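Below is entry_36.txt, which holds compact mmCIF, C-alpha atoms.
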```txt
# COMPACT_ATOMS: atom_id res chain seq x y z
CA MET A 572 38.68 -15.72 -25.98
CA SER A 573 38.35 -13.82 -22.72
CA SER A 574 35.05 -12.19 -21.72
CA SER A 575 36.68 -8.73 -22.04
CA GLU A 576 37.18 -9.45 -25.73
CA THR A 577 33.71 -10.83 -26.38
CA SER A 578 31.59 -8.63 -24.09
CA SER A 579 30.08 -5.47 -25.56
CA THR A 580 29.67 -3.81 -22.14
CA LEU A 581 32.22 -2.92 -19.51
CA ILE A 582 30.26 -4.57 -16.74
CA GLY A 583 29.91 -7.71 -18.86
CA ALA A 584 33.69 -7.84 -19.15
CA LEU A 585 34.16 -7.28 -15.41
CA TRP A 586 31.39 -9.54 -14.12
CA SER A 587 30.11 -12.06 -16.60
CA VAL A 588 27.70 -14.89 -15.88
CA ASP A 589 27.91 -18.23 -17.67
CA VAL A 590 25.19 -18.96 -20.19
CA ASP A 591 24.19 -22.03 -18.20
CA ALA A 592 24.08 -20.13 -14.87
CA SER A 593 20.89 -20.50 -12.85
CA ARG A 594 18.14 -17.91 -12.97
CA LEU A 595 18.90 -17.07 -9.36
CA GLU A 596 22.54 -16.30 -10.18
CA LYS A 597 21.50 -14.12 -13.11
CA PHE A 598 18.87 -12.32 -11.03
CA PHE A 599 21.35 -11.76 -8.19
CA ARG A 600 23.86 -10.16 -10.59
CA ILE A 601 21.22 -7.90 -12.14
CA ALA A 602 19.84 -6.86 -8.74
CA VAL A 603 23.28 -6.06 -7.30
CA LEU A 604 24.26 -4.01 -10.35
CA ALA A 605 20.92 -2.18 -10.55
CA PHE A 606 20.93 -1.18 -6.87
CA ALA A 607 24.62 -0.22 -7.06
CA GLY A 608 23.74 1.99 -10.03
CA THR A 609 20.86 3.68 -8.21
CA ALA A 610 23.13 4.28 -5.21
CA LEU A 611 25.67 5.94 -7.52
CA LEU A 612 22.93 8.11 -9.01
CA ALA A 613 21.63 9.10 -5.57
CA ILE A 614 25.12 10.08 -4.41
CA SER A 615 25.85 11.96 -7.65
CA ALA A 616 22.66 13.99 -7.22
CA GLN A 617 24.00 15.33 -3.91
CA ILE A 618 27.44 16.28 -5.25
CA SER A 619 27.64 19.95 -6.16
CA VAL A 620 30.81 21.27 -7.78
CA PRO A 621 31.21 25.08 -7.76
CA MET A 622 31.21 26.30 -11.38
CA TRP A 623 30.25 29.34 -13.38
CA PRO A 624 27.46 30.34 -13.89
CA VAL A 625 25.78 27.68 -11.70
CA PRO A 626 27.05 24.82 -9.53
CA MET A 627 27.35 21.50 -11.34
CA THR A 628 25.87 18.27 -10.00
CA MET A 629 27.29 14.97 -11.18
CA GLN A 630 23.92 13.34 -11.89
CA THR A 631 23.99 13.45 -15.69
CA PHE A 632 27.60 12.22 -15.59
CA ALA A 633 26.42 9.17 -13.63
CA VAL A 634 23.49 8.60 -16.01
CA VAL A 635 25.60 8.42 -19.17
CA LEU A 636 28.33 6.43 -17.41
CA ILE A 637 25.83 3.84 -16.16
CA GLY A 638 24.38 3.53 -19.65
CA ALA A 639 27.86 3.14 -21.13
CA ALA A 640 29.04 0.60 -18.56
CA TYR A 641 25.82 -1.44 -18.27
CA GLY A 642 24.49 -1.41 -21.83
CA TRP A 643 21.07 -0.32 -22.98
CA ARG A 644 18.87 -2.86 -21.18
CA LEU A 645 20.43 -2.85 -17.72
CA GLY A 646 21.40 0.83 -17.98
CA GLY A 647 17.87 1.93 -18.85
CA ALA A 648 16.33 -0.39 -16.25
CA THR A 649 18.71 0.87 -13.55
CA VAL A 650 17.76 4.50 -14.17
CA ALA A 651 14.06 3.54 -14.27
CA LEU A 652 14.53 1.85 -10.87
CA TYR A 653 16.14 5.06 -9.62
CA LEU A 654 13.03 7.03 -10.63
CA ALA A 655 10.83 4.45 -8.92
CA GLU A 656 12.87 4.83 -5.72
CA GLY A 657 12.40 8.59 -5.87
CA ALA A 658 8.66 8.22 -6.52
CA MET A 659 8.42 6.06 -3.38
CA GLY A 660 9.87 8.94 -1.36
CA LEU A 661 13.44 7.73 -0.97
CA PRO A 662 15.80 10.75 -0.86
CA VAL A 663 17.59 9.95 -4.12
CA PHE A 664 16.93 13.13 -6.11
CA SER A 665 18.81 16.39 -5.58
CA ASN A 666 15.72 17.77 -3.81
CA GLY A 667 14.96 14.59 -1.85
CA GLY A 668 12.36 12.33 -3.36
CA SER A 669 8.61 12.26 -3.92
CA LEU A 670 6.01 11.39 -6.51
CA ALA A 671 5.56 15.14 -7.04
CA SER A 672 9.15 15.34 -8.31
CA LEU A 673 8.07 13.27 -11.31
CA ALA A 674 5.35 15.78 -12.21
CA GLY A 675 7.08 19.10 -11.48
CA PRO A 676 8.98 21.42 -13.83
CA THR A 677 12.17 19.31 -13.79
CA ALA A 678 10.43 15.95 -14.34
CA GLY A 679 11.31 15.97 -18.04
CA TYR A 680 15.00 15.76 -17.19
CA LEU A 681 14.41 12.81 -14.88
CA PHE A 682 12.42 10.81 -17.44
CA ALA A 683 14.97 11.69 -20.12
CA PHE A 684 17.64 10.08 -17.92
CA VAL A 685 16.16 6.67 -18.79
CA ALA A 686 16.23 7.34 -22.53
CA ALA A 687 19.75 8.77 -22.35
CA ALA A 688 21.14 5.80 -20.42
CA ALA A 689 19.53 3.35 -22.83
CA LEU A 690 20.73 5.24 -25.92
CA VAL A 691 24.31 5.63 -24.68
CA GLY A 692 24.27 1.96 -23.71
CA ALA A 693 23.08 0.95 -27.20
CA LEU A 694 25.81 3.03 -28.85
CA VAL A 695 28.51 1.58 -26.61
CA GLU A 696 27.27 -1.93 -27.36
CA LYS A 697 27.91 -1.11 -31.01
CA GLY A 698 31.55 -0.33 -30.17
CA TRP A 699 31.33 3.39 -29.38
CA GLY A 700 32.96 3.01 -25.95
CA ARG A 701 36.48 2.06 -27.02
CA SER A 702 37.72 5.30 -28.59
CA LEU A 703 37.80 8.82 -27.20
CA PHE A 704 36.04 10.34 -30.22
CA LYS A 705 33.14 7.87 -30.38
CA THR A 706 32.73 7.85 -26.61
CA SER A 707 32.58 11.67 -26.62
CA LEU A 708 29.97 11.54 -29.37
CA ALA A 709 27.86 8.96 -27.49
CA MET A 710 28.01 11.04 -24.29
CA THR A 711 27.13 14.21 -26.21
CA ILE A 712 24.10 12.53 -27.79
CA GLY A 713 23.00 11.21 -24.38
CA THR A 714 23.35 14.66 -22.82
CA ALA A 715 21.41 16.21 -25.72
CA VAL A 716 18.58 13.74 -25.06
CA ILE A 717 18.49 14.83 -21.41
CA PHE A 718 18.33 18.50 -22.38
CA ALA A 719 15.68 17.84 -25.04
CA GLY A 720 13.42 15.91 -22.68
CA GLY A 721 13.92 18.36 -19.85
CA LEU A 722 13.34 21.47 -21.95
CA ALA A 723 10.29 20.02 -23.71
CA TRP A 724 8.57 19.48 -20.36
CA LEU A 725 9.90 22.62 -18.67
CA SER A 726 8.68 24.79 -21.56
CA THR A 727 5.08 23.76 -20.79
CA PHE A 728 5.52 25.61 -17.48
CA THR A 729 7.65 28.56 -18.58
CA GLY A 730 7.54 28.84 -22.36
CA VAL A 731 10.40 27.87 -24.68
CA GLU A 732 12.53 31.02 -24.33
CA LYS A 733 12.54 31.03 -20.54
CA ALA A 734 13.08 27.25 -20.47
CA LEU A 735 16.29 27.72 -22.47
CA VAL A 736 17.44 30.54 -20.18
CA VAL A 737 16.83 28.67 -16.92
CA GLY A 738 17.07 25.05 -18.04
CA MET A 739 19.93 24.87 -20.52
CA TYR A 740 22.20 27.88 -21.01
CA PRO A 741 23.52 27.97 -17.42
CA PHE A 742 24.34 24.25 -17.55
CA LEU A 743 26.21 24.05 -20.86
CA VAL A 744 29.70 24.59 -19.39
CA GLY A 745 29.10 21.87 -16.80
CA ALA A 746 27.72 19.55 -19.48
CA VAL A 747 30.88 19.91 -21.56
CA VAL A 748 33.06 19.17 -18.52
CA LYS A 749 31.01 16.05 -17.64
CA ILE A 750 31.04 14.78 -21.23
CA ALA A 751 34.82 15.18 -21.37
CA LEU A 752 35.23 13.42 -18.02
CA ALA A 753 32.95 10.51 -18.94
CA ALA A 754 34.54 10.19 -22.39
CA ALA A 755 37.99 9.99 -20.79
CA VAL A 756 36.96 7.49 -18.11
CA LEU A 757 35.35 4.84 -20.33
CA PRO A 758 38.22 4.05 -22.75
CA MET A 759 40.65 4.04 -19.81
CA ALA A 760 38.40 1.60 -17.98
CA TRP A 761 38.34 -0.71 -21.02
CA LYS A 762 42.15 -0.67 -21.17
CA LEU A 763 42.33 -1.46 -17.45
CA VAL A 764 39.86 -4.33 -17.84
CA GLY A 765 41.94 -5.68 -20.74
CA LYS A 766 45.03 -5.75 -18.52
CA ILE A 767 43.18 -7.37 -15.63
CA ARG A 768 41.71 -10.09 -17.82
CA LYS A 769 45.05 -11.06 -19.43
```

Encoded form (structure tokens):
Amino acid sequence: MSSSETSSTLIGALWSVDVDASRLEKFFRIAVLAFAGTALLAISAQISVPMWPVPMTMQTFAVVLIGAAYGWRLGGATVALYLAEGAMGLPVFSNGGSLASLAGPTAGYLFAFVAAAALVGALVEKGWGRSLFKTSLAMTIGTAVIFAGGLAWLSTFTGVEKALVVGMYPFLVGAVVKIALAAAVLPMAWKLVGKIRK
């Protein structure tokens, strides 16, 4: 059987490592993928697409896609590394990067990124990444986790009602667009991988 048939993650199908590979080879693969993922997240945080009622960044799209492609362990770890980079002052967040970003009003969204990537990754590992319906459902659940974490923390600053008004309602249209885009990309990527590996 080919690795695309046996692997539960997209990245595992694209870049597998033999079971008897050295620790160095395994570490190298993990490091390359993790830093590539954080670079994608940093770039996505700077992309702003004009939309109504507010511009849409591509950050949550990248979060759920990394979780879906990497699986729950590497996906969650990659997003956690991204937060660590921001805490060290690297300009990876949409507002730059600082330790204060992880304590301010939007910190709940950032921490929820880790949970969302891990959850989407776990669902995809169970086979939710091969069909449009299940992929859409996994992405919707991941996005809901981001909103829930973000709003829970934001409401401690603003109250629940205002948190919904400023932290969720304006972003719902963009969230639907990103879920649809991510849900379309993943099954297509699996089909492409299947053709490549034949």

For the interface of region 616-702 of chain A with region 737-746 of chain A (cut-off 10 Å, counting all atoms listed in the file), please tabulate each contacting residue of region 616-702 of chain A alongside its nearest pair of atoms and their separation in Å to one decimal, rows sorted by chain and increasing number, as JSON lines.
```
{"residue": "A:Val620", "atom": "CA", "partner": "A:Gly745", "partner_atom": "CA", "distance": 9.2}
{"residue": "A:Pro621", "atom": "CA", "partner": "A:Gly745", "partner_atom": "CA", "distance": 9.8}
{"residue": "A:Met622", "atom": "CA", "partner": "A:Gly745", "partner_atom": "CA", "distance": 7.3}
{"residue": "A:Trp623", "atom": "CA", "partner": "A:Val744", "partner_atom": "CA", "distance": 7.7}
{"residue": "A:Pro624", "atom": "CA", "partner": "A:Pro741", "partner_atom": "CA", "distance": 5.8}
{"residue": "A:Val625", "atom": "CA", "partner": "A:Pro741", "partner_atom": "CA", "distance": 6.2}
{"residue": "A:Pro626", "atom": "CA", "partner": "A:Gly745", "partner_atom": "CA", "distance": 8.1}
{"residue": "A:Met627", "atom": "CA", "partner": "A:Gly745", "partner_atom": "CA", "distance": 5.7}
{"residue": "A:Thr628", "atom": "CA", "partner": "A:Gly745", "partner_atom": "CA", "distance": 8.3}
{"residue": "A:Met629", "atom": "CA", "partner": "A:Gly745", "partner_atom": "CA", "distance": 9.1}
{"residue": "A:Thr631", "atom": "CA", "partner": "A:Ala746", "partner_atom": "CA", "distance": 8.1}
{"residue": "A:Phe632", "atom": "CA", "partner": "A:Ala746", "partner_atom": "CA", "distance": 8.3}
{"residue": "A:Pro676", "atom": "CA", "partner": "A:Gly738", "partner_atom": "CA", "distance": 9.8}
{"residue": "A:Thr677", "atom": "CA", "partner": "A:Gly738", "partner_atom": "CA", "distance": 8.7}
{"residue": "A:Tyr680", "atom": "CA", "partner": "A:Gly738", "partner_atom": "CA", "distance": 9.6}
```

### Task
For Gly667 (chain A), please output as an MDAnalysis selection string all residues within 12 Å (counting only C-alpha atoms; exclusion window: fewer than 4 positions along the same chain).
chainID A and resid 613:614 616:617 654 656:663 671:673

Expected residue set, 9 Å radius at (39.0, 12.5, -26.3), all atoms listed in the file, as a PDB file with C-alpha atoms, in the frame of the given file:
```
ATOM      1  CA  SER A 702      37.720   5.300 -28.590  1.00  0.00           C
ATOM      2  CA  LEU A 703      37.800   8.820 -27.200  1.00  0.00           C
ATOM      3  CA  PHE A 704      36.040  10.340 -30.220  1.00  0.00           C
ATOM      4  CA  LYS A 705      33.140   7.870 -30.380  1.00  0.00           C
ATOM      5  CA  THR A 706      32.730   7.850 -26.610  1.00  0.00           C
ATOM      6  CA  SER A 707      32.580  11.670 -26.620  1.00  0.00           C
ATOM      7  CA  ALA A 751      34.820  15.180 -21.370  1.00  0.00           C
ATOM      8  CA  ALA A 754      34.540  10.190 -22.390  1.00  0.00           C
ATOM      9  CA  ALA A 755      37.990   9.990 -20.790  1.00  0.00           C
TER      10      ALA A 755
END
```

### Query
Hey, can you check how far CA of Ile767 (chain A) sits from CA of Phe599 (chain A)?
23.5 Å

Counting all atoms listed in the file, what are the residues of region 656-711 of chain A within 12 Å of region 636-644 of chain A, and for each of them which pair of atoms is the nearest and at what distance in Å, to one decimal? Sort the table by chain and rising number, as CSV.
```
residue,atom,partner,partner_atom,distance
A:Phe684,CA,A:Gly638,CA,9.6
A:Val685,CA,A:Gly638,CA,8.8
A:Ala686,CA,A:Trp643,CA,9.1
A:Ala687,CA,A:Gly638,CA,7.5
A:Ala688,CA,A:Gly638,CA,4.0
A:Ala689,CA,A:Trp643,CA,4.0
A:Leu690,CA,A:Trp643,CA,6.3
A:Val691,CA,A:Gly638,CA,5.5
A:Gly692,CA,A:Gly642,CA,3.9
A:Ala693,CA,A:Trp643,CA,4.8
A:Leu694,CA,A:Ala639,CA,8.0
A:Val695,CA,A:Ala639,CA,5.7
A:Glu696,CA,A:Gly642,CA,6.2
A:Lys697,CA,A:Gly642,CA,9.8
A:Gly698,CA,A:Ala639,CA,10.4
A:Trp699,CA,A:Ala639,CA,9.0
A:Gly700,CA,A:Ala639,CA,7.0
A:Arg701,CA,A:Ala639,CA,10.5
A:Lys705,CA,A:Ala639,CA,11.7
A:Thr706,CA,A:Ala639,CA,8.7
A:Ser707,CA,A:Ala639,CA,11.2
A:Leu708,CA,A:Ala639,CA,12.0
A:Ala709,CA,A:Ala639,CA,8.6
A:Met710,CA,A:Leu636,CA,8.3
A:Thr711,CA,A:Leu636,CA,11.8
```

### Query
How many Å separate CA of Thr729 (chain A) from CA of Gly713 (chain A)?
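It comes out at 23.9 Å.
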
### Message
Rounded to one decimal, what separation in Å do you get between CA of Ile717 (chain A) and CA of Val635 (chain A)?
### Response
9.8 Å

Would you mind completing region 578-608 of chain A to N, CA and C atoms and writing the output as an mmCIF file, in the frame of the given file?
```cif
data_model
loop_
_atom_site.group_PDB
_atom_site.id
_atom_site.type_symbol
_atom_site.label_atom_id
_atom_site.label_comp_id
_atom_site.auth_asym_id
_atom_site.auth_seq_id
_atom_site.Cartn_x
_atom_site.Cartn_y
_atom_site.Cartn_z
ATOM 1 N N SER A 578 32.677 -9.404 -24.661
ATOM 2 C CA SER A 578 31.590 -8.630 -24.090
ATOM 3 C C SER A 578 31.510 -7.257 -24.752
ATOM 4 N N SER A 579 30.264 -6.798 -24.968
ATOM 5 C CA SER A 579 30.080 -5.470 -25.560
ATOM 6 C C SER A 579 29.911 -4.400 -24.497
ATOM 7 N N THR A 580 29.794 -4.789 -23.216
ATOM 8 C CA THR A 580 29.670 -3.810 -22.140
ATOM 9 C C THR A 580 30.808 -3.979 -21.149
ATOM 10 N N LEU A 581 31.144 -2.901 -20.497
ATOM 11 C CA LEU A 581 32.220 -2.920 -19.510
ATOM 12 C C LEU A 581 31.875 -3.838 -18.345
ATOM 13 N N ILE A 582 30.640 -3.741 -17.878
ATOM 14 C CA ILE A 582 30.260 -4.570 -16.740
ATOM 15 C C ILE A 582 30.213 -6.043 -17.130
ATOM 16 N N GLY A 583 29.885 -6.326 -18.388
ATOM 17 C CA GLY A 583 29.910 -7.710 -18.860
ATOM 18 C C GLY A 583 31.315 -8.272 -18.868
ATOM 19 N N ALA A 584 32.293 -7.415 -19.163
ATOM 20 C CA ALA A 584 33.690 -7.840 -19.150
ATOM 21 C C ALA A 584 34.200 -8.025 -17.730
ATOM 22 N N LEU A 585 33.719 -7.198 -16.808
ATOM 23 C CA LEU A 585 34.160 -7.280 -15.410
ATOM 24 C C LEU A 585 33.473 -8.395 -14.637
ATOM 25 N N TRP A 586 32.155 -8.564 -14.893
ATOM 26 C CA TRP A 586 31.390 -9.540 -14.120
ATOM 27 C C TRP A 586 30.432 -10.266 -15.053
ATOM 28 N N SER A 587 30.937 -11.284 -15.689
ATOM 29 C CA SER A 587 30.110 -12.060 -16.600
ATOM 30 C C SER A 587 29.482 -13.236 -15.863
ATOM 31 N N VAL A 588 28.378 -13.718 -16.426
ATOM 32 C CA VAL A 588 27.700 -14.890 -15.880
ATOM 33 C C VAL A 588 27.627 -15.924 -16.989
ATOM 34 N N ASP A 589 27.955 -17.158 -16.674
ATOM 35 C CA ASP A 589 27.910 -18.230 -17.670
ATOM 36 C C ASP A 589 26.512 -18.363 -18.260
ATOM 37 N N VAL A 590 26.467 -18.773 -19.508
ATOM 38 C CA VAL A 590 25.190 -18.960 -20.190
ATOM 39 C C VAL A 590 24.318 -19.970 -19.452
ATOM 40 N N ASP A 591 24.942 -20.989 -18.894
ATOM 41 C CA ASP A 591 24.190 -22.030 -18.200
ATOM 42 C C ASP A 591 24.025 -21.747 -16.699
ATOM 43 N N ALA A 592 24.274 -20.497 -16.271
ATOM 44 C CA ALA A 592 24.080 -20.130 -14.870
ATOM 45 C C ALA A 592 22.596 -20.193 -14.533
ATOM 46 N N SER A 593 22.289 -20.406 -13.270
ATOM 47 C CA SER A 593 20.890 -20.500 -12.850
ATOM 48 C C SER A 593 20.218 -19.128 -12.928
ATOM 49 N N ARG A 594 18.907 -19.170 -12.956
ATOM 50 C CA ARG A 594 18.140 -17.910 -12.970
ATOM 51 C C ARG A 594 18.430 -17.090 -11.727
ATOM 52 N N LEU A 595 18.610 -17.765 -10.614
ATOM 53 C CA LEU A 595 18.900 -17.070 -9.360
ATOM 54 C C LEU A 595 20.225 -16.321 -9.449
ATOM 55 N N GLU A 596 21.238 -16.961 -10.018
ATOM 56 C CA GLU A 596 22.540 -16.300 -10.180
ATOM 57 C C GLU A 596 22.414 -15.082 -11.091
ATOM 58 N N LYS A 597 21.686 -15.228 -12.177
ATOM 59 C CA LYS A 597 21.500 -14.120 -13.110
ATOM 60 C C LYS A 597 20.724 -12.981 -12.456
ATOM 61 N N PHE A 598 19.673 -13.332 -11.716
ATOM 62 C CA PHE A 598 18.870 -12.320 -11.030
ATOM 63 C C PHE A 598 19.700 -11.596 -9.977
ATOM 64 N N PHE A 599 20.510 -12.357 -9.226
ATOM 65 C CA PHE A 599 21.350 -11.760 -8.190
ATOM 66 C C PHE A 599 22.295 -10.733 -8.803
ATOM 67 N N ARG A 600 22.929 -11.077 -9.913
ATOM 68 C CA ARG A 600 23.860 -10.160 -10.590
ATOM 69 C C ARG A 600 23.144 -8.894 -11.024
ATOM 70 N N ILE A 601 21.988 -9.055 -11.666
ATOM 71 C CA ILE A 601 21.220 -7.900 -12.140
ATOM 72 C C ILE A 601 20.800 -7.010 -10.979
ATOM 73 N N ALA A 602 20.309 -7.637 -9.895
ATOM 74 C CA ALA A 602 19.840 -6.860 -8.740
ATOM 75 C C ALA A 602 20.979 -6.076 -8.101
ATOM 76 N N VAL A 603 22.125 -6.735 -7.910
ATOM 77 C CA VAL A 603 23.280 -6.060 -7.300
ATOM 78 C C VAL A 603 23.703 -4.870 -8.154
ATOM 79 N N LEU A 604 23.822 -5.090 -9.464
ATOM 80 C CA LEU A 604 24.260 -4.010 -10.350
ATOM 81 C C LEU A 604 23.240 -2.877 -10.407
ATOM 82 N N ALA A 605 21.954 -3.215 -10.472
ATOM 83 C CA ALA A 605 20.920 -2.180 -10.550
ATOM 84 C C ALA A 605 20.908 -1.320 -9.285
ATOM 85 N N PHE A 606 20.959 -1.963 -8.113
ATOM 86 C CA PHE A 606 20.930 -1.180 -6.870
ATOM 87 C C PHE A 606 22.239 -0.417 -6.662
ATOM 88 N N ALA A 607 23.361 -0.967 -7.118
ATOM 89 C CA ALA A 607 24.620 -0.220 -7.060
ATOM 90 C C ALA A 607 24.531 1.021 -7.948
ATOM 91 N N GLY A 608 23.915 0.864 -9.122
ATOM 92 C CA GLY A 608 23.740 1.990 -10.030
ATOM 93 C C GLY A 608 22.841 3.071 -9.452
#
```
